[in-house]
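Asks: This is the structure, below, for whatever I ask next.
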Amino acid sequence: MKKLRCSKCGRALTDPFSIAIGMGPECRGGLSRKGWRFPKPRYKVSGGRVVLVEMVGKIEPPAVNVEALPKKSKVKGRKSEAHDDDE
Ligand SMILES: [Zn+2]
């Protein structure tokens with residue numbers, strides 16, 4: 001049985017839901033804070049083990065326009081060159 005890894009951070013996935021999605025819980029949490037939606041897992045307990053029965057929904061990227069949010073401007077090298085005279 002091969003080990004499946006998180007597509008984001010590369011850590012080995014252990015729970016069936018993470019394996020089905022291909023991403024671990026921490027990375028899912030990080031993305032869901034950014035507006036991503038993930039399927040809802042349905043589990044059942046079978047013989048003392050938790051089994052993933054099905055997932056309701058699918059992975060959806062954020063519906064909000066993330067592009068509209070202010071981004072960190074990538075200024076490198078050329079910041080405040082003109083004011084290095086503070087003494
Ligand atoms: Zn991860």
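Identifiers in this document derive from the order of the structure tokens: chains are assigned A, B, ..., residues are numbered from 1 separately in each chain, and ligands are numbered from 1 in order of occurrence.
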Show me, as a list in words, the residues that have an atom within 12 Å of Lys2 of chain A when counting only C-alpha atoms, minus same-chain residues fewer than 4 positions from it.

Replies: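 The contact residues come out as Ala12, Leu13, Thr14 and Ile19 of chain A.
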
Asks: Go through the chains and note each residue within 9 Å of ligand 1, using only C-alpha atoms and all ligand atoms, then give the set as a ChimeraX atom specification.

Replies: /A:5-13,22-28

Asks: Using only C-alpha atoms, which of A:Pro16, A:Gly29, A:Leu4, A:Arg37 sits nearest Arg49 of chain A?

Replies: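 That would be A:Pro16, the residue with the smallest distance to Arg49 of chain A.
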
Asks: Excluding Val56 of chain A and its own-chain neighbours fewer than 3 positions away, which residues fall within 9 Å of it when counting only C-alpha atoms? Please give them as an MDAnalysis selection string.

Replies: chainID A and resid 38:42

Asks: Could you tell me how far atom CA of Arg33 of chain A lies from atom CA of Val51 of chain A, in Å and to one decimal?

Replies: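 These two atoms are separated by 26.5 Å.
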
Asks: Can you measure atom CA of Ala20 of chain A to atom CA of Pro62 of chain A for me? One decimal in Å is fine.

Replies: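 For atom CA of Ala20 of chain A relative to atom CA of Pro62 of chain A, the distance reads 20.2 Å.
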
Asks: What is the atom CA of Gly30 of chain A to atom CA of Lys44 of chain A distance in Å?

Replies: 26.1 Å

Asks: For Gly35 of chain A, which residue among A:Leu52, A:Ser18, A:Ala63, A:Gly57 is the nearest when counting only C-alpha atoms?

Replies: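 Of all the options, A:Ala63 lies closest to Gly35 of chain A.
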